[in-house]
$ cat run.cif   # mmCIF, C-alpha atoms
data_data
loop_
_atom_site.label_atom_id
_atom_site.label_comp_id
_atom_site.auth_asym_id
_atom_site.auth_seq_id
_atom_site.Cartn_x
_atom_site.Cartn_y
_atom_site.Cartn_z
CA MET A 1 0.00 0.00 0.00
CA ILE A 2 2.88 2.36 0.79
CA ASP A 3 4.18 2.16 -2.79
CA GLN A 4 0.68 2.92 -4.13
CA LEU A 5 0.34 5.86 -1.73
CA ASP A 6 3.76 7.15 -2.80
CA ASN A 7 2.72 7.03 -6.46
CA THR A 8 -0.62 8.70 -5.75
CA TYR A 9 1.13 11.43 -3.74
CA GLU A 10 3.55 12.18 -6.59
CA GLN A 11 0.69 12.31 -9.11
CA LEU A 12 -1.26 14.68 -6.86
CA LYS A 13 1.81 16.91 -6.60
CA THR A 14 1.78 17.42 -10.37
CA LEU A 15 -1.96 17.99 -10.38
CA ARG A 16 -1.71 20.49 -7.49
CA ASP A 17 0.84 22.55 -9.41
CA ASN A 18 -1.40 22.50 -12.50
CA ALA A 19 -4.50 23.66 -10.55
CA ASN A 20 -5.79 26.93 -11.95
CA THR A 21 -7.95 28.05 -9.04
CA GLU A 22 -6.94 28.61 -5.43
CA GLU A 23 -9.90 26.53 -4.25
CA ALA A 24 -8.92 23.44 -6.27
CA PHE A 25 -5.28 23.96 -5.32
CA GLU A 26 -6.13 24.08 -1.58
CA LYS A 27 -8.36 21.01 -1.79
CA ILE A 28 -5.63 18.92 -3.46
CA ARG A 29 -3.03 20.30 -1.07
CA SER A 30 -5.11 19.35 1.95
CA GLN A 31 -5.68 15.84 0.56
CA MET A 32 -1.95 15.46 0.05
CA ASP A 33 -1.35 16.37 3.69
CA LYS A 34 -3.86 13.74 4.77
CA ILE A 35 -2.24 11.07 2.58
CA ASN A 36 1.18 12.01 3.94
CA GLU A 37 -0.05 11.61 7.51
CA GLN A 38 -1.67 8.27 6.65
CA ARG A 39 1.62 7.04 5.16
CA ARG A 40 3.37 7.99 8.40
CA VAL A 41 0.86 6.00 10.47
CA ILE A 42 0.80 2.98 8.14
CA ILE A 43 4.61 2.68 8.31
CA LYS A 44 4.58 2.54 12.11
CA ALA A 45 1.50 0.36 12.52
CA SER A 46 1.36 -3.37 11.93
CA ILE A 47 -1.54 -3.70 9.54
CA ASN A 48 -3.38 -6.88 8.70
CA GLU A 49 -3.36 -7.04 4.92
CA ALA A 50 -5.97 -9.78 4.81
CA THR A 51 -8.88 -7.62 6.01
CA GLU A 52 -11.71 -6.51 3.71
CA GLU A 53 -11.00 -2.86 4.62
CA TYR A 54 -7.39 -3.18 3.48
CA LYS A 55 -8.38 -4.85 0.20
CA SER A 56 -11.03 -2.20 -0.43
CA ALA A 57 -8.56 0.64 0.25
CA THR A 58 -5.87 -0.76 -2.07
CA LEU A 59 -8.49 -1.28 -4.80
CA ALA A 60 -9.70 2.32 -4.40
CA LEU A 61 -6.11 3.55 -4.67
CA GLU A 62 -5.58 1.49 -7.80
CA LYS A 63 -8.74 2.92 -9.40
CA ALA A 64 -7.84 6.51 -8.42
CA GLN A 65 -4.52 6.52 -10.26
CA PRO A 66 -5.87 6.57 -13.88
CA VAL A 67 -8.39 9.26 -12.85
CA ILE A 68 -5.56 11.49 -11.53
CA LYS A 69 -3.52 10.81 -14.65
CA SER A 70 -6.37 11.84 -16.88
CA ALA A 71 -6.87 15.07 -14.85
CA ILE A 72 -3.16 15.88 -15.24
CA ASP A 73 -3.77 15.86 -19.00
CA ASP A 74 -7.08 17.70 -18.71
CA ILE A 75 -7.30 20.04 -15.71
CA ASN A 76 -11.09 20.37 -16.12
CA LYS A 77 -11.38 16.87 -14.65
CA ILE A 78 -9.87 17.98 -11.31
CA ALA A 79 -13.24 17.77 -9.52
CA ASP A 80 -13.40 14.01 -10.29
CA VAL A 81 -10.01 13.57 -8.67
CA ILE A 82 -10.98 15.44 -5.51
CA GLU A 83 -14.02 13.17 -5.13
CA LYS A 84 -12.07 9.99 -5.85
CA VAL A 85 -9.20 10.84 -3.49
CA ALA A 86 -11.64 11.78 -0.71
CA SER A 87 -13.13 8.30 -0.98
CA VAL A 88 -9.62 6.74 -0.87
CA ILE A 89 -8.79 8.72 2.30
CA THR A 90 -11.99 7.53 4.00
CA LYS A 91 -11.22 3.92 3.10
CA ILE A 92 -7.67 4.17 4.46
CA GLU A 93 -9.04 5.71 7.67
CA LYS A 94 -11.16 2.56 8.12
CA VAL A 95 -7.99 0.45 7.78
CA LEU A 96 -6.30 2.49 10.49
CA ILE A 97 -9.14 2.25 13.05
CA MET B 1 97.98 -40.58 21.12
CA ILE B 2 94.82 -41.38 23.07
CA PHE B 3 95.11 -38.10 24.98
CA ARG B 4 95.53 -36.22 21.70
CA MET B 5 92.40 -37.85 20.23
CA LEU B 6 90.37 -37.14 23.35
CA PHE B 7 91.58 -33.53 23.23
CA LEU B 8 90.43 -33.19 19.57
CA VAL B 9 86.99 -34.73 20.31
CA ASN B 10 86.56 -32.38 23.26
CA VAL B 11 87.41 -29.34 21.11
CA LYS B 12 84.98 -30.48 18.36
CA THR B 13 82.13 -31.10 20.86
CA LYS B 14 82.63 -27.66 22.41
CA GLY B 15 82.49 -26.13 18.92
CA VAL B 16 79.27 -27.98 18.08
CA ILE B 17 77.68 -26.90 21.38
CA LYS B 18 78.74 -23.29 20.77
CA MET B 19 77.29 -23.42 17.26
CA MET B 20 74.07 -25.01 18.49
CA LYS B 21 73.76 -22.31 21.14
CA LYS B 22 74.12 -19.64 18.42
CA ILE B 23 71.51 -21.36 16.21
CA PHE B 24 69.17 -21.67 19.18
CA ILE B 25 69.47 -17.93 20.03
CA LEU B 26 69.03 -17.03 16.36
CA MET B 27 65.92 -19.23 16.19
CA ILE B 28 64.45 -17.53 19.27
CA ILE B 29 65.08 -14.13 17.67
CA ILE B 30 63.52 -15.22 14.35
CA VAL B 31 60.53 -16.79 16.07
CA SER B 32 60.06 -13.69 18.24
CA PHE B 33 60.06 -11.30 15.31
CA CYS B 34 58.59 -13.33 12.49
CA GLY B 35 56.73 -16.12 14.13
CA CYS B 36 53.80 -13.96 15.22
CA ALA B 37 50.52 -15.74 14.82
CA ILE B 38 49.17 -12.87 12.71
CA THR B 39 50.33 -12.37 9.14
CA THR B 40 51.06 -8.97 7.61
CA ASN B 41 48.00 -9.33 5.38
CA GLN B 42 45.78 -10.11 8.35
CA LYS B 43 47.20 -7.11 10.19
CA LYS B 44 46.47 -4.86 7.19
CA ALA B 45 42.93 -6.22 6.88
CA VAL B 46 42.18 -5.66 10.57
CA ASP B 47 43.70 -2.18 10.40
CA LYS B 48 41.56 -1.21 7.38
CA LEU B 49 38.36 -2.56 8.90
CA GLY B 50 39.17 -0.88 12.21
CA GLN B 51 39.68 2.49 10.51
CA ALA B 52 36.47 2.09 8.49
CA SER B 53 34.34 1.09 11.46
CA GLU B 54 35.71 3.94 13.59
CA SER B 55 35.09 6.57 10.87
CA LEU B 56 31.63 5.30 9.94
CA GLY B 57 30.53 5.22 13.58
CA LEU B 58 31.73 8.79 14.06
CA ILE B 59 30.02 10.00 10.85
CA ILE B 60 26.66 8.45 11.81
CA SER B 61 26.74 9.64 15.41
CA LYS B 62 27.34 13.19 14.13
CA GLN B 63 24.72 12.98 11.36
CA LEU B 64 21.79 11.72 13.45
CA PRO B 65 21.42 14.80 15.71
CA LEU B 66 21.76 16.97 12.58
CA LEU B 67 18.90 15.10 10.89
CA ARG B 68 16.79 15.68 14.03
CA LYS B 69 17.65 19.39 13.93
CA ASP B 70 16.69 19.55 10.21
CA THR B 71 13.38 17.80 10.91
CA ILE B 72 12.45 20.24 13.67
CA GLU B 73 13.45 23.19 11.47
CA MET B 74 11.38 21.89 8.52
CA ASN B 75 8.36 21.21 10.71
CA MET B 76 8.58 24.66 12.30
CA ILE B 77 8.44 26.35 8.90
CA SER B 78 5.56 24.09 7.84
CA LEU B 79 3.74 25.10 11.02
CA GLU B 80 4.33 28.80 10.33
CA LEU B 81 2.80 28.27 6.87
CA LYS B 82 -0.18 26.47 8.45
CA GLY B 83 0.98 23.06 7.20
CA ALA B 84 -0.25 19.76 8.61
CA ILE B 85 2.06 19.66 11.62
CA LYS B 86 1.18 19.09 15.25
CA PRO B 87 2.91 21.76 17.37
CA ASP B 88 3.59 19.22 20.12
CA ASN B 89 5.38 16.84 17.76
CA LEU B 90 7.92 18.98 15.96
CA ASP B 91 10.64 16.32 16.00
CA SER B 92 8.28 13.68 14.49
CA ASN B 93 9.88 10.30 15.09
CA PHE B 94 13.27 11.85 15.77
CA ASP B 95 12.57 11.91 19.49
CA ASN B 96 15.46 11.97 21.95
CA GLU B 97 15.20 8.31 22.97
CA THR B 98 15.18 7.02 19.38
CA ILE B 99 18.22 9.17 18.57
CA HIS B 100 20.05 8.05 21.73
CA VAL B 101 19.61 4.38 20.82
CA ARG B 102 21.07 5.06 17.36
CA VAL B 103 23.93 7.22 18.63
CA ARG B 104 24.86 4.46 21.11
CA ALA B 105 24.80 1.97 18.24
CA ALA B 106 27.00 4.24 16.10
CA ASN B 107 29.37 4.80 19.05
CA ALA B 108 29.65 1.03 19.45
CA LEU B 109 30.69 0.77 15.79
CA SER B 110 33.33 3.40 16.40
CA ASN B 111 34.53 1.63 19.61
CA TYR B 112 34.77 -1.65 17.71
CA GLY B 113 37.03 0.06 15.15
CA LYS B 114 39.19 1.59 17.89
CA LEU B 115 39.54 -1.76 19.65
CA LEU B 116 40.66 -3.53 16.46
CA LEU B 117 43.14 -0.74 15.74
CA SER B 118 44.61 -0.79 19.25
CA LEU B 119 45.15 -4.54 18.96
CA VAL B 120 47.04 -4.40 15.65
CA ARG B 121 48.90 -1.19 16.41
CA ASP B 122 50.53 -2.55 19.57
CA ASP B 123 48.85 -0.22 22.03
CA GLN B 124 49.34 -0.67 25.77
CA THR B 125 47.13 -3.29 27.43
CA ASN B 126 45.39 -0.53 29.39
CA THR B 127 44.35 1.25 26.17
CA ILE B 128 43.08 -2.01 24.67
CA LYS B 129 41.13 -2.67 27.87
CA LYS B 130 39.64 0.83 27.84
CA HIS B 131 38.38 0.42 24.25
CA SER B 132 36.99 -3.01 25.06
CA GLU B 133 35.08 -1.64 28.06
CA GLU B 134 33.65 1.23 25.98
CA LEU B 135 32.53 -1.21 23.28
CA PHE B 136 30.85 -3.43 25.86
CA THR B 137 29.12 -0.48 27.58
CA ASN B 138 27.67 0.88 24.34
CA ILE B 139 26.54 -2.51 23.02
CA ASN B 140 25.00 -3.41 26.36
CA ARG B 141 23.16 -0.07 26.60
CA PHE B 142 22.03 -0.37 22.99
CA ASN B 143 20.53 -3.81 23.68
CA LYS B 144 18.84 -2.59 26.84
CA THR B 145 17.32 0.57 25.36
CA ALA B 146 16.38 -0.53 21.82
CA SER B 147 12.61 -0.99 21.53
CA THR B 148 10.73 -4.02 20.23
CA ALA B 149 9.99 -1.98 17.10
CA ASP B 150 13.74 -1.43 16.64
CA PHE B 151 14.41 -5.18 16.82
CA ASP B 152 11.52 -5.81 14.40
CA GLN B 153 13.13 -3.37 11.98
CA ILE B 154 16.49 -5.17 12.28
CA ALA B 155 14.79 -8.49 11.50
CA GLY B 156 12.81 -6.94 8.64
CA LYS B 157 15.88 -5.40 7.03
CA TYR B 158 17.88 -8.63 7.36
CA THR B 159 15.11 -10.69 5.79
CA LYS B 160 14.65 -8.17 2.99
CA LEU B 161 18.35 -8.31 2.11
CA THR B 162 19.07 -11.99 2.59
CA GLY B 163 15.70 -13.68 2.20
CA LYS B 164 16.34 -15.51 5.48
CA PRO B 165 14.60 -15.07 8.83
CA PHE B 166 16.59 -13.25 11.50
CA PHE B 167 16.52 -14.66 15.01
CA ILE B 168 17.50 -11.93 17.42
CA SER B 169 19.68 -13.30 20.15
CA SER B 170 19.99 -11.35 23.38
CA PHE B 171 23.40 -9.90 24.22
CA ASP B 172 25.36 -12.26 26.42
CA THR B 173 27.31 -10.24 29.00
CA LYS B 174 29.54 -13.25 29.69
CA ILE B 175 31.15 -12.46 26.33
CA PHE B 176 32.65 -9.36 27.86
CA LEU B 177 34.05 -11.18 30.88
CA SER B 178 35.68 -13.71 28.61
CA ILE B 179 37.17 -11.03 26.33
CA ASN B 180 38.25 -8.94 29.30
CA GLU B 181 40.05 -11.96 30.75
CA SER B 182 41.91 -12.45 27.48
CA ILE B 183 42.93 -8.78 27.40
CA GLN B 184 44.13 -8.92 31.02
CA GLY B 185 46.13 -11.98 30.06
CA LEU B 186 48.10 -9.94 27.53
CA GLY B 187 50.08 -8.50 30.42
CA GLY B 188 52.32 -5.44 30.49
CA ILE B 189 55.76 -4.39 29.29
CA PHE B 190 57.52 -7.44 30.67
CA GLN B 191 55.26 -9.81 28.77
CA LYS B 192 55.74 -7.70 25.64
CA ALA B 193 59.43 -8.57 25.80
CA THR B 194 58.56 -12.17 25.00
CA LEU B 195 57.09 -11.08 21.70
CA PHE B 196 56.17 -14.52 20.43
CA TYR B 197 53.85 -15.34 23.34
CA TYR B 198 52.49 -11.82 23.46
CA ASN B 199 51.49 -11.86 19.79
CA ARG B 200 49.99 -15.31 20.06
CA LYS B 201 47.80 -14.18 22.95
CA LYS B 202 46.85 -11.01 21.09
CA VAL B 203 45.74 -12.92 18.00
CA LYS B 204 43.64 -15.23 20.15
CA CYS B 205 42.10 -12.13 21.69
CA LEU B 206 41.49 -10.53 18.28
CA LYS B 207 39.80 -13.66 16.94
CA LYS B 208 37.62 -13.83 20.04
CA ILE B 209 36.53 -10.19 19.67
CA VAL B 210 35.73 -10.41 15.94
CA TYR B 211 33.94 -13.74 16.36
CA MET B 212 31.97 -12.89 19.49
CA TYR B 213 30.92 -9.38 18.50
CA LYS B 214 30.06 -10.31 14.88
CA ASN B 215 26.32 -10.69 15.53
CA GLU B 216 26.14 -7.50 17.59
CA ILE B 217 27.93 -5.48 14.90
CA ASN B 218 25.58 -6.94 12.29
CA LYS B 219 22.52 -6.07 14.42
CA ILE B 220 23.69 -2.45 14.67
CA CYS B 221 24.46 -2.22 10.96
CA TYR B 222 21.04 -3.61 9.96
CA LEU B 223 19.22 -1.16 12.25
CA LEU B 224 21.17 1.82 10.90
CA MET B 225 20.78 0.56 7.31
CA ASN B 226 17.03 0.48 7.82
CA ASP B 227 17.15 4.03 9.20
CA PHE B 228 19.16 5.31 6.25
CA SER B 229 17.20 3.39 3.63
CA GLU B 230 14.80 5.41 1.49
CA ASP B 231 12.48 2.44 1.00
CA GLY B 232 12.73 1.33 4.63
CA LYS B 233 10.54 2.14 7.59
CA GLY B 234 13.20 3.93 9.58
CA LEU B 235 14.15 7.50 10.35
CA ILE B 236 14.88 8.62 6.79
CA ARG B 237 11.35 7.73 5.76
CA ASP B 238 10.17 10.12 8.45
CA TYR B 239 12.66 12.76 7.31
CA LYS B 240 11.24 12.40 3.78
CA ASN B 241 7.68 12.78 5.10
CA SER B 242 8.69 16.03 6.84
CA MET B 243 10.21 17.19 3.55
CA ASP B 244 6.95 16.38 1.73
CA THR B 245 4.92 18.31 4.33
CA LEU B 246 7.24 21.31 3.95
CA GLU B 247 7.11 21.10 0.15
CA ASN B 248 3.32 21.03 0.28
CA SER B 249 3.26 24.04 2.62
CA VAL B 250 5.79 26.00 0.55
CA SER B 251 3.83 25.33 -2.67
CA ARG B 252 1.20 27.80 -1.37
CA ILE B 253 3.59 30.63 -2.27
CA ARG B 254 1.55 31.09 -5.49
CA PHE B 255 -1.39 32.32 -3.47
CA ILE B 256 0.35 33.89 -0.45
CA LYS B 257 -0.02 37.65 -0.42
CA ASP B 258 1.33 38.45 3.04
CA CYS B 259 4.96 39.59 2.83
CA CYS B 260 6.13 37.79 6.02
CA ASN B 261 4.58 34.51 4.94
CA ARG B 262 6.15 34.80 1.51
CA LYS B 263 9.53 35.30 3.18
CA THR B 264 8.97 32.21 5.33
CA ALA B 265 7.96 30.21 2.25
CA VAL B 266 11.15 31.24 0.42
CA LYS B 267 13.20 30.26 3.49
CA GLY B 268 11.40 26.91 3.52
CA TYR B 269 12.08 26.43 -0.18
CA TYR B 270 15.83 26.91 0.31
CA LEU B 271 15.86 24.59 3.32
CA LEU B 272 14.08 22.00 1.23
CA LEU B 273 16.68 22.23 -1.55
CA GLU B 274 19.52 21.95 0.96
CA ASN B 275 18.01 18.92 2.70
CA LYS B 276 17.18 17.20 -0.60
CA THR B 277 20.84 17.47 -1.63
CA LYS B 278 21.91 16.12 1.75
CA MET B 279 19.51 13.21 1.51
CA ASN B 280 20.54 12.27 -2.00
CA SER B 281 24.29 12.47 -1.46
CA VAL B 282 24.91 11.45 2.14
CA VAL B 283 22.01 9.35 3.29
CA SER B 284 21.99 6.85 0.44
CA ASN B 285 25.78 6.49 0.73
CA VAL B 286 25.54 5.63 4.42
CA GLU B 287 23.31 2.64 3.64
CA SER B 288 25.69 1.18 1.05
CA THR B 289 28.71 1.83 3.29
CA LEU B 290 27.06 -0.04 6.17
CA LYS B 291 26.37 -2.96 3.84
CA ALA B 292 30.04 -2.93 2.79
CA LEU B 293 31.05 -2.93 6.47
CA ILE B 294 28.90 -6.00 7.24
CA ASP B 295 30.44 -7.88 4.30
CA ALA B 296 33.97 -6.83 5.26
CA ASN B 297 33.48 -7.82 8.90
CA ASN B 298 32.19 -11.24 7.89
CA THR B 299 35.17 -11.65 5.56
CA LEU B 300 37.54 -10.65 8.37
CA ALA B 301 36.01 -13.21 10.72
CA ARG B 302 36.52 -15.91 8.08
CA PHE B 303 40.00 -14.62 7.23
CA LEU B 304 41.19 -14.78 10.83
CA GLU B 305 40.00 -18.35 11.01
CA ASN B 306 41.46 -19.39 7.69
CA LYS B 307 44.71 -17.83 6.52
CA LYS B 308 44.29 -19.33 3.03
CA LEU B 309 41.37 -17.00 2.24
CA SER B 310 42.95 -14.55 -0.17
CA ASP B 311 40.10 -12.40 -1.53
CA LEU B 312 40.13 -9.35 0.67
CA SER B 313 38.91 -6.94 -1.99
CA ASN B 314 35.82 -5.96 0.03
CA ILE B 315 37.96 -4.99 3.03
CA LYS B 316 40.41 -3.09 0.80
CA SER B 317 37.65 -1.15 -0.99
CA LEU B 318 35.94 -0.29 2.31
CA THR B 319 38.48 2.44 3.08
CA THR B 320 37.74 4.12 -0.26
CA THR B 321 33.97 3.84 0.33
CA ILE B 322 34.30 5.54 3.73
CA LYS B 323 36.56 8.23 2.25
CA ASP B 324 33.92 8.94 -0.43
CA LEU B 325 31.25 9.29 2.25
CA ALA B 326 33.40 11.59 4.38
CA GLU B 327 34.15 13.68 1.27
CA SER B 328 30.41 14.01 0.44
CA ILE B 329 29.73 15.19 3.99
CA LYS B 330 32.54 17.75 3.80
CA ILE B 331 31.12 19.15 0.54
CA ILE B 332 27.60 19.39 2.01
CA ALA B 333 28.89 21.05 5.18
CA GLN B 334 30.67 23.80 3.20
#
$ encode --input "run.cif" --output "structure tokens"
Amino acid sequence: MIDQLDNTYEQLKTLRDNANTEEAFEKIRSQMDKINEQRRVIIKASINEATEEYKSATLALEKAQPVIKSAIDDINKIADVIEKVASVITKIEKVLI
Amino acid sequence: MIFRMLFLVNVKTKGVIKMMKKIFILMIIIVSFCGCAITTNQKKAVDKLGQASESLGLIISKQLPLLRKDTIEMNMISLELKGAIKPDNLDSNFDNETIHVRVRAANALSNYGKLLLSLVRDDQTNTIKKHSEELFTNINRFNKTASTADFDQIAGKYTKLTGKPFFISSFDTKIFLSINESIQGLGGIFQKATLFYYNRKKVKCLKKIVYMYKNEINKICYLLMNDFSEDGKGLIRDYKNSMDTLENSVSRIRFIKDCCNRKTAVKGYYLLLENKTKMNSVVSNVESTLKALIDANNTLARFLENKKLSDLSNIKSLTTTIKDLAESIKIIAQ
């Protein structure tokens, strides 16, 4: 999961710098902070990879990546990314409970 | 006639005895100077490994508090720019206890190097004893203060590198008593006069130290390797996370209008560049140098057991590796 989170974080960095409004920029920035904090917790915690929550979170991360990529090419799709990443963050939170 | 013959035999016997005495004295001298139980190559190998271990230990023990200082500095700027930092956790995972465990480990590496050097460089028994006691103290404290998570990280790193499970053995303090006894047995100046026996005892002592501390040195190296590994779960991963938080906070400069905040963001940007350079040049080198030290130490242990082992290239190249690392640090510090 850490590798997937690292990739997602790097993709979001590019998207954040492409954002053309302050609002979109701040939303992506705040999501990046959350992902960074989750990475920090995941590294320290011993997580059971066999749980449904874990599988669901990794699947959500996998599905988010092409959406972010497509928004990097077309900045008008940034709203889709914000929605997708928010769902990823919620799913990871469930893993960390 | 008989008396004359007896006289000649007597003279010849005396001559033979005199000659045998001379040969015997010469043999004692040769044995004393050349018959040491340690070969020149072994001496060179121990000397090189000793130097490398001492330097690497010193480098790491100096770098760790600096990394903590950088982390606090980065987090403080992130906080000023309203980044995602908790004000009561500015040092992240670089807390004092974690750093102390690592500094003790690095000091033990340095003590190990000093001890090997004092044994091959004919230091006084008291000096050898002092280095041995320092090594024991640091290794003992390291084992007592390292957390379960630290030992898990050691096992994880070992398994990742070798594919084998790592069974952590507890540090046996009897080791020290046994080594200390051997060092005491070396004796003082008088014993040094009988060079052959002195050297034989010293080699026994050297073999004991390298053999008995091998696992402990490996444990320390694996923990520090994990800390300095970018894909590990150790301290550098945390350092990188602090860098990411700062980068994310600094990126707001596009929309920051307040002059003071802009100034802080620029300061943060420069700090980020500086720390990125440090991470790329020093940190990754530390990991590979530690790996080289583990390999060289294992080679030395085998070499001391078996004089026929001739491939010492990894011990020879270790000095260059350490020099490269020290050079990188000098450049960064300028």
$ residues_near_point --input "run.cif" --point "(11.3, -6.7, 18.1)" --cutoff "12 Å" --atoms "only C-alpha atoms" --output "ChimeraX atom specification"
/B:143,145-156,166-170,219,223
$ atom_distance --input "run.cif" --atom1 "CA of Asn76 in chain A" --atom2 "CA of Asn20 in chain A"
9.4 Å
$ atom_distance --input "run.cif" --atom1 "CA of Glu133 in chain B" --atom2 "CA of Val210 in chain B"
15.0 Å
$ interface_residues --input "run.cif" --of "chain A" --to "chain B" --cutoff "9 Å" --atoms "all atoms listed in the file" --output "number ranges by chain"
A: 13, 16-17, 22, 25-26, 29-30, 32-34, 36-37, 39-40, 43-44
$ closest_residue --input "run.cif" --among "A:Ile97, A:Ile89, A:Ile78, A:Ala45" --to "Asn18 in chain A" --atoms "all atoms listed in the file"
A:Ile78
$ resolve_selection --input "run.cif" --expression "the PyMOL selection byres ((chain A and resi 83) around 12)" --output "PDB file with C-alpha atoms, keeping the file's coordinate frame"
ATOM      1  CA  ALA A  24      -8.920  23.440  -6.270  1.00  0.00           C
ATOM      2  CA  LYS A  27      -8.360  21.010  -1.790  1.00  0.00           C
ATOM      3  CA  ILE A  28      -5.630  18.920  -3.460  1.00  0.00           C
ATOM      4  CA  GLN A  31      -5.680  15.840   0.560  1.00  0.00           C
ATOM      5  CA  ALA A  60      -9.700   2.320  -4.400  1.00  0.00           C
ATOM      6  CA  ALA A  64      -7.840   6.510  -8.420  1.00  0.00           C
ATOM      7  CA  VAL A  67      -8.390   9.260 -12.850  1.00  0.00           C
ATOM      8  CA  ILE A  68      -5.560  11.490 -11.530  1.00  0.00           C
ATOM      9  CA  LYS A  77     -11.380  16.870 -14.650  1.00  0.00           C
ATOM     10  CA  ILE A  78      -9.870  17.980 -11.310  1.00  0.00           C
ATOM     11  CA  ALA A  79     -13.240  17.770  -9.520  1.00  0.00           C
ATOM     12  CA  ASP A  80     -13.400  14.010 -10.290  1.00  0.00           C
ATOM     13  CA  VAL A  81     -10.010  13.570  -8.670  1.00  0.00           C
ATOM     14  CA  ILE A  82     -10.980  15.440  -5.510  1.00  0.00           C
ATOM     15  CA  LYS A  84     -12.070   9.990  -5.850  1.00  0.00           C
ATOM     16  CA  VAL A  85      -9.200  10.840  -3.490  1.00  0.00           C
ATOM     17  CA  ALA A  86     -11.640  11.780  -0.710  1.00  0.00           C
ATOM     18  CA  SER A  87     -13.130   8.300  -0.980  1.00  0.00           C
ATOM     19  CA  VAL A  88      -9.620   6.740  -0.870  1.00  0.00           C
ATOM     20  CA  ILE A  89      -8.790   8.720   2.300  1.00  0.00           C
ATOM     21  CA  THR A  90     -11.990   7.530   4.000  1.00  0.00           C
TER      22      THR A  90
END
$ closest_residue --input "run.cif" --among "A:Gln65, A:Asn7, A:Thr14, A:Thr51" --to "Lys94 in chain A" --atoms "only C-alpha atoms"
A:Thr51
$ resolve_selection --input "run.cif" --expression "the PyMOL selection byres ((chain B and resi 65) around 12)" --output "compact mmCIF listing (two decimals) with C-alpha atoms, in the frame of the given file"
# COMPACT_ATOMS: atom_id res chain seq x y z
CA ILE B 59 30.02 10.00 10.85
CA ILE B 60 26.66 8.45 11.81
CA SER B 61 26.74 9.64 15.41
CA LYS B 62 27.34 13.19 14.13
CA GLN B 63 24.72 12.98 11.36
CA LEU B 64 21.79 11.72 13.45
CA LEU B 66 21.76 16.97 12.58
CA LEU B 67 18.90 15.10 10.89
CA ARG B 68 16.79 15.68 14.03
CA LYS B 69 17.65 19.39 13.93
CA ASP B 70 16.69 19.55 10.21
CA THR B 71 13.38 17.80 10.91
CA ILE B 72 12.45 20.24 13.67
CA ASP B 91 10.64 16.32 16.00
CA PHE B 94 13.27 11.85 15.77
CA ASP B 95 12.57 11.91 19.49
CA ASN B 96 15.46 11.97 21.95
CA GLU B 97 15.20 8.31 22.97
CA THR B 98 15.18 7.02 19.38
CA ILE B 99 18.22 9.17 18.57
CA HIS B 100 20.05 8.05 21.73
CA VAL B 101 19.61 4.38 20.82
CA ARG B 102 21.07 5.06 17.36
CA VAL B 103 23.93 7.22 18.63
CA ALA B 106 27.00 4.24 16.10
CA LEU B 235 14.15 7.50 10.35
$ atom_distance --input "run.cif" --atom1 "CA of Val46 in chain B" --atom2 "CA of Lys214 in chain B"
13.7 Å
$ resolve_selection --input "run.cif" --expression "the PyMOL selection byres ((chain B and resi 279) around 10)" --output "list in words"
Leu67, Phe228, Glu230, Ile236, Tyr239, Lys240, Leu273, Glu274, Asn275, Lys276, Thr277, Lys278, Asn280, Ser281, Val282, Val283, Ser284 and Asn285 of chain B
$ residues_around --input "run.cif" --residues "Ile179 in chain B" --least-positions-apart "5" --cutoff "12 Å" --atoms "all atoms listed in the file" --output "short mmCIF file (atom, residue, chain, number, x, y, z; two decimals) with C-alpha atoms, in the coordinates of the input"
data_model
loop_
_atom_site.label_atom_id
_atom_site.label_comp_id
_atom_site.auth_asym_id
_atom_site.auth_seq_id
_atom_site.Cartn_x
_atom_site.Cartn_y
_atom_site.Cartn_z
CA LEU B 115 39.54 -1.76 19.65
CA ILE B 128 43.08 -2.01 24.67
CA LYS B 129 41.13 -2.67 27.87
CA HIS B 131 38.38 0.42 24.25
CA SER B 132 36.99 -3.01 25.06
CA GLU B 133 35.08 -1.64 28.06
CA LEU B 135 32.53 -1.21 23.28
CA PHE B 136 30.85 -3.43 25.86
CA ASP B 172 25.36 -12.26 26.42
CA THR B 173 27.31 -10.24 29.00
CA LYS B 174 29.54 -13.25 29.69
CA GLN B 184 44.13 -8.92 31.02
CA GLY B 185 46.13 -11.98 30.06
CA LEU B 186 48.10 -9.94 27.53
CA LYS B 201 47.80 -14.18 22.95
CA LYS B 202 46.85 -11.01 21.09
CA LYS B 204 43.64 -15.23 20.15
CA CYS B 205 42.10 -12.13 21.69
CA LEU B 206 41.49 -10.53 18.28
CA LYS B 207 39.80 -13.66 16.94
CA LYS B 208 37.62 -13.83 20.04
CA ILE B 209 36.53 -10.19 19.67
CA VAL B 210 35.73 -10.41 15.94
CA TYR B 211 33.94 -13.74 16.36
CA MET B 212 31.97 -12.89 19.49
CA TYR B 213 30.92 -9.38 18.50
#
